[in-house]
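*Asks:* This is the structure I have questions about; it appears just below.
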Amino acid sequence: MCGKVLKQGLMYAVMLAVAALFVFPFYWLLISAFKTKAQIFVLPPQFFPDPVVVQNFADVFRATPIARAFVNSCVIAGGHTLLALFLCSMGGYAFAKFPGAPGRDKLFAFVLGTMMIPAAVTLIPVFIVLTRLHLVNTYWAMILPGAANAFGIFWMRQYIAANVHDDLLAAARIDGCSEFGIYWRVALPIARPALAALGILVLISSWNNLMWAFIVLREKSMYTMPLLIYLLHGELRTPYGMVMAGGLLVTLPLIAAFLVFQRSFIQGITVGALKA
Amino acid sequence: MAGHMRAHELPAPRARGIKYCVPEMLLLVPLVLAGCLQAPPPPTPAGQRVIVEVWSWNIAAGSLMALVPEFEQQHPGIEIRIDMTGAQMQSRFLLSLIAGVGAPDISQLQLVDAPKFAPSGALMDLTDRAAPYADKFSPSFWENCLHEGRVYAIPWDMGPCAVFYKRDLFARHGIEPESIETWADYIAAGKRMVEASGGQTRMLALSVSGLFQFFEMLMQQTNGGIFDREGRIIIRSAENVAALEVLRAILEADIAVPINTAGPEYYASFQNDTIATYPLAVWLGGSIKDYAAPTAGNWGVFRLPAVAPGGLRTSNLGGSVLVIPDQCQNKEAAWKYVEHVLCTKEAQIAQYRNFDLFPCLMTAFDDPLFDEPDPFYGGQKVRRLFAEDIERIPTLTRTKDWNEAMRYITQALSAWETKKLDHEVFLSQMAVKLERQLGREIAPGHEPVEGG
Amino acid sequence: MAGAAQHRGAFWSEVWRYRHFYLFISPFFLLFAVFGLYPLGFSLYLSFMKWDGLTAPVSVGLENFVMLFSDEMFYTALWNTLVIGLMYVPPMFLLAFIFAGILNSKRLHLRGLFRVGVFMPCITPMVVVAIVFTLLYSAESGLFNYVLRAVTRLFPGGPMAPIPWLESEAWSKVSVALLLVWRWTGYNMVLMLAGLQGISDDYYEAAIIDGATRWQRMRHITLPLMRPTLVFCGLMSLIGTVYMFDEVFVMTQGGPGTSSTNFGLYLFNLAFMDFRFGLASSAAYTVSIAVFVVSLVILKWRRPATD
């Protein structure tokens with residue numbers, strides 16, 4: 001009995017230690033944001049900032065357009081996510097609930113096939129296409145590519161096929177609801193859990209996107225938070241205090257969103273794996 | 001997995017349908033906003049100050065910044081904003097040129113990059129405006145600012161070469177820097193240095209990745225090169241063989257230590273006795289002052305050794321230019337600034353005095369600054385030393401493929417060194433490789449030799 | 001004739017009947033045409049061109065491919081990709097598997113907390129993560145060296161020399177690999193947990209009745225049934241390592257030298273540092289096809305080997 005308790009205790013200790021190890025860099029980010037540059041590099045390292053400095057936040061707001069970058073990030077991640085949810089749920093709904101449509105299965109196989117195309121191959125041409133459409137340096141350059149993704153359609157189709165019953169749709173049709181109305185008012189509300197999972201997935205990848213932002217956002221006023229911080233970090237004498245403060249600001253909303261939606265999120269990636 | 005989640009728990013959808021409709025419609029607002037927020041900035045109304053944005057880096061940006069107040073005072077309608085743009089500047093500049101949006105009004109470029117941009121049609125043609133200054137800049141530099149006779153860039157600073165040395169080490173081991181006139185003298189002095197110090201001190205730092213830079217420095221002394229003015233390949237030449245012979249002699253004399261230029265060990269060596277000399281460009285002085293300020297007074301400079309007695313005792317490495325992208329909205333204002341900082345003697349002298357940027361503008365050379373003793377170099381008049389014979393440095397035609405060619409040659413030089421390849425064979429191989437990779441023809445008289 | 005026409009008429013009337021279906025899926029196909037299909041073709045065309053994005057493209061036939069296969073940097077990048085992959089994937093799989101096992105034991109409390117903690121790294125912006133690790137890795141004043149030295153001080157031989165994590169060619173790959181383990185263990189853990197939960201308890205109960213040891217149960221039940229999950233994780237790791245970008249772009253810029261340049265960064269440099277769009281396209285096509293073929297081979301192992 002006693003041995004068992006000890007074993008359990010040890011298990012918890014190991015679990016806590018591991019979790020702490022994984023969370024530690026976040027803690028380091030948090031405290032570094034409240035240190036001066038000298039404090040960041042002092043030996044021995046300060047595990048708690050002494051003194052606590054808030055100047056970094058004032059500096060980063062004064063010296064960089066970070067407020068604007070925050071708005072840009074919100075519009076881009078929000079716009080991209082909503083557009084993706086709209087297009088994927090509509091496509092998924094169509095593939096799930098119009099079984100008789102000619103060519104449906106072939107089209108669906110085609111959609112799945114597009115998942116095989118790595119972004120690396122289309123990187124340059126998409127940039128050129130956006131240039132020709134005069135969309136470079138606009139929000140659309142970040143929002144449009146990848147908005148209708150095959151995984152999202154697949155994911156919504158699976159969910160809607162299993163959870164939205166045909167008799168509900170038939171009843172709505174008899175009531176004279178338009179086809180779009182049926183999708184929007186009948187199917188979508190039922191699919192909310194799936195939308196949440198897909199949404200948080202898309203939101204996080206969109207919020208974190210650095211490479212594409214680097215390529216298509218050409219003016220400071222259009223920078224997203226990650227791009228702004230990357231360029232700030234790349235300056236000759238890196239203003240580490242500001243970089244850490246900015247880093248904290250770009251990370252916090254995401255962690256908050258993750259903590260709220262973590263169940264949906266983890267479900268999302270799990271289902272993504274199981275389909276393969 | 002998720003298929004059976006709570007479907008049965010959901011209330012009848014029709015009852016909640018309308019309720020969902022409105023907030024979810026509202027969620028589309030950001031999309032609409034996305035369309036509106038990207039409106040381009042309105043054109044500057046008359047009477048308002050014109051803003052000129054400049055991209056520059058490091059010390060150079062600081063130098064430009066120092067000139068702003070004076071310029072703005074003389075041109076009240078113009079506001080200059082210097083942007084030390086951080087990482088990947090060249091990459092972002094090119095992306096902006098291709099996209100046709102987002103480039104600054106003025107940008108700094110490395111000299112070797114200028115020929116890459118000149119033929120693009122994305123830079124402003126400066127020919128007419130720059131005409132009065134055409135013969136005032138170092139000719140070897142000016143050539144690389146042209147494309148088909150049109151001017152697309154204005155030279156800024158250049159990198160005349162000489163040898164930085166540590167006075168205490170030379171004194172301790174009884175070596176006279178003035179006695180070194182050729183590379184053969186330099187190697188002999190190096191051997192004495194290594195021997196006298198018991199191997200503690202090496203004559204120079206030279207690693208495999210630094211071979212190309214040394215080769216580039218030497219090929220200007222022997223009048224060699226990679227491309228001729230027509231852009232044809234001339235890498236296999238007697239001049240380049242002569243340059244490689246010097247390079248090999250230095251390597252075989254065992255006087256060099258394989259430390260990477262600009263690595264931490266390199267900077268540390270400024271303050272210890274591992275390396276006695278640094279044959280490099282004038283801008284190294286800025287780095288030494290930056291990293292090893294306490295060593296002031298212990299440094300000296302002697303002229304670059306010649307390949308043969310009586311030969312050219314200087315060369316050029318690095319340097320930069322300013323360009324104005326064609327998408328710039330305020331070309332007149334941008335040009336005025338470029339003209340002010342690069343084409344006036346006063347501004348160039350100020351930049352050299354305060355920021356160690358050696359002027360490309362040769363009319364600046366008669367300034368008294370060049371004859372001032374510099375206490376950092378023990379009172380030596382190093383500026384005059386660097387300025388000497390600059391007009392005699394032959395033009396090294398870069399073409400837009402310079403960086404690519406440099407990469408191939410750098411890779412191949414490593415094999416040249418480890419396998420002790422014959423110079424003619426090596427250069428012949430490079431000629432073939434460049435011909436194939438760059439799609440350029442080999443100039444007559446520079447064909448690869450048999451066995452190459 | 002008449003029959004065919006009639007048939008065709010019937011087909012189109014069917015299509016018309018299901019017009020909403022086509023309407024609903026049309027945005028996907030429209031966007032895919034612009035941002036997927038056309039770029040795919042364009043990229044193929046570029047593979048046979050020399051183009052810097054500014055001047056007119058020049059046709060060079062197969063030169064790009066010849067050039068690619070004679071570029072030492074290409075092989076260096078592939079080699080680095082392989083080495084980094086081999087350095088981080090095995091420890092990551094092992095950790096993820098152990099953690100998934102812990103989370104799967106229903107008797108333990110605090111599992112939610114543990115899961116969130118281990119998972120959090122893979123949702124954070126890579127740029128921030130890389131910068132924080134740059135600080136931690138600093139040879140002079142980084143926390144890692146500080147702790148290592150503090151610990152080794154207790155042993156004979158005294159404190160070890162500081163490790164040049166990011167400053168030396170020998171260590172840069174290790175540093176990237178450590179970062180990757182930290183970042184992606186949670187992701188794989190969650191996938192493996194789902195795999196474990198998919199195994200019915202009945203198998204284990206039957207095995208226990210038959211007197212199978214813990215190891216035998218692992219060897220004959222867990223691992224075979226986990227095979228699809230492990231294969232999927234392997235596939236994701238393969239793709240992730242080949243096309244990895246942010247990690248090296250921010251933390252090491254592929255250096256020192258070229259010691260941590262993986263294929264993703266090599267490709268990016270070809271395209272957006274050197275602006276050799278043709279060569280970059282041919283490199284992207286070549287490696288994508290190779291990755292595709294390898295993926296198919298890996299997927300062959302996907303089916304659970306139950307019986």
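Chain labels A, B, ... are given in the sequence in which chains occur in the structure tokens; within each chain residues are numbered consecutively from 1, and ligands are likewise numbered from 1 in the order shown.
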Using DSSP on the backbone coordinates, identify the residues of stretch 154-274 of chain C assigned to alpha helix (DSSP H); present them as a count of residues only.

*Replies:* 79

*Asks:* Using only C-alpha atoms, find which residues of chain C lie within 6 Å of chain A and jot them down as a list in words.

*Replies:*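 Result: Tyr18, Phe21, Phe24, Ile25, Phe28, Phe35, Pro39, Leu40, Phe114, Gly117, Val118, Pro125, Val128, Ser141, Leu191 and Ala284 of chain C.
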
*Asks:* For chain C, which residues have at least one atom within 6 Å of chain B, if we go by only C-alpha atoms? Write them as a ChimeraX atom specification, please.

*Replies:* /C:54-55,272-273

*Asks:* For chain A, report every residue with an atom at most 6 Å from chain B (counting only C-alpha atoms), formatted as a list in words.

*Replies:*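 Output check: Val75, Gly79, Thr131, Thr138, Tyr139, Tyr159, Ala162, Asn163, Arg185, Val186, Arg218, Glu219, Leu231, Gly234 and Glu235 of chain A.
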
*Asks:* I need the residue nearest B:Val425 from this list: B:Thr399, B:Ala131, B:Glu450, B:Val257. Use only C-alpha atoms for the distance.

*Replies:*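 Of B:Thr399, B:Ala131, B:Glu450, B:Val257, the one nearest B:Val425 is B:Glu450, counting only C-alpha atoms.
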
*Asks:* What is the atom CA of C:Met189-atom CA of C:Ala100 distance in Å, reported with one decimal?

*Replies:*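 One can read the atom CA of C:Met189 to atom CA of C:Ala100 distance as 5.2 Å.
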
*Asks:* Counting only C-alpha atoms, what is within 10 Å of B:Ser287, bar same-chain residues fewer than 6 positions away, as a list in words?

*Replies:*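 Selected residues are Ala262, Tyr267, Phe270, Ala293 and Asp356 of chain B.
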
*Asks:* Which is closest to A:Phe154 among A:Gly176, A:Gly113, A:Gly241, A:Pro51, if we use only C-alpha atoms?

*Replies:*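 Answer, going by the shortest atom-to-atom distance: A:Gly113.
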
*Asks:* Leaving out stretch 294-296 of chain B and any residue of its chain fewer than 2 positions from it, which residues lie within 6 Å of it when counting only C-alpha atoms, given as a PDB file with C-alpha atoms, in the first residue's frame?

*Replies:*
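Written file, result-v9.pdb:
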```pdb
ATOM      1  CA  ALA B 292      39.171  46.451 -29.790  1.00  0.00           C
ATOM      2  CA  ASN B 298      49.174  49.840 -31.437  1.00  0.00           C
ATOM      3  CA  PHE B 376      44.488  55.097 -33.522  1.00  0.00           C
TER       4      PHE B 376
END
```

*Asks:* Excluding stretch 192-200 of chain A and residues on its chain fewer than 5 positions from it, collect all residues at most 6 Å away from it, counting only C-alpha atoms, and give them as a PyMOL selection string.

*Replies:* chain A and resi 81+264-265+268

*Asks:* Might you pull out every residue within 12 Å of C:Gly240, with only C-alpha atoms counted and same-chain residues fewer than 2 positions away left off, and present them as a PyMOL selection string?

*Replies:* (chain A and resi 118-120) or (chain C and resi 81-82+84-85+88-89+180+183-184+232-238+242-247+262-264+291)

*Asks:* From the options C:Val15, C:Glu140, C:Tyr45, C:Thr185, which residue's atoms come nearest to C:Met120, counting only C-alpha atoms?

*Replies:*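 Selected residue with least distance to C:Met120: C:Thr185.
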
*Asks:* Would you please work out which residue, of B:Leu396, B:Val163, B:Ile180, B:Leu67, is nearest to B:Ile234 when using only C-alpha atoms?

*Replies:* B:Leu396
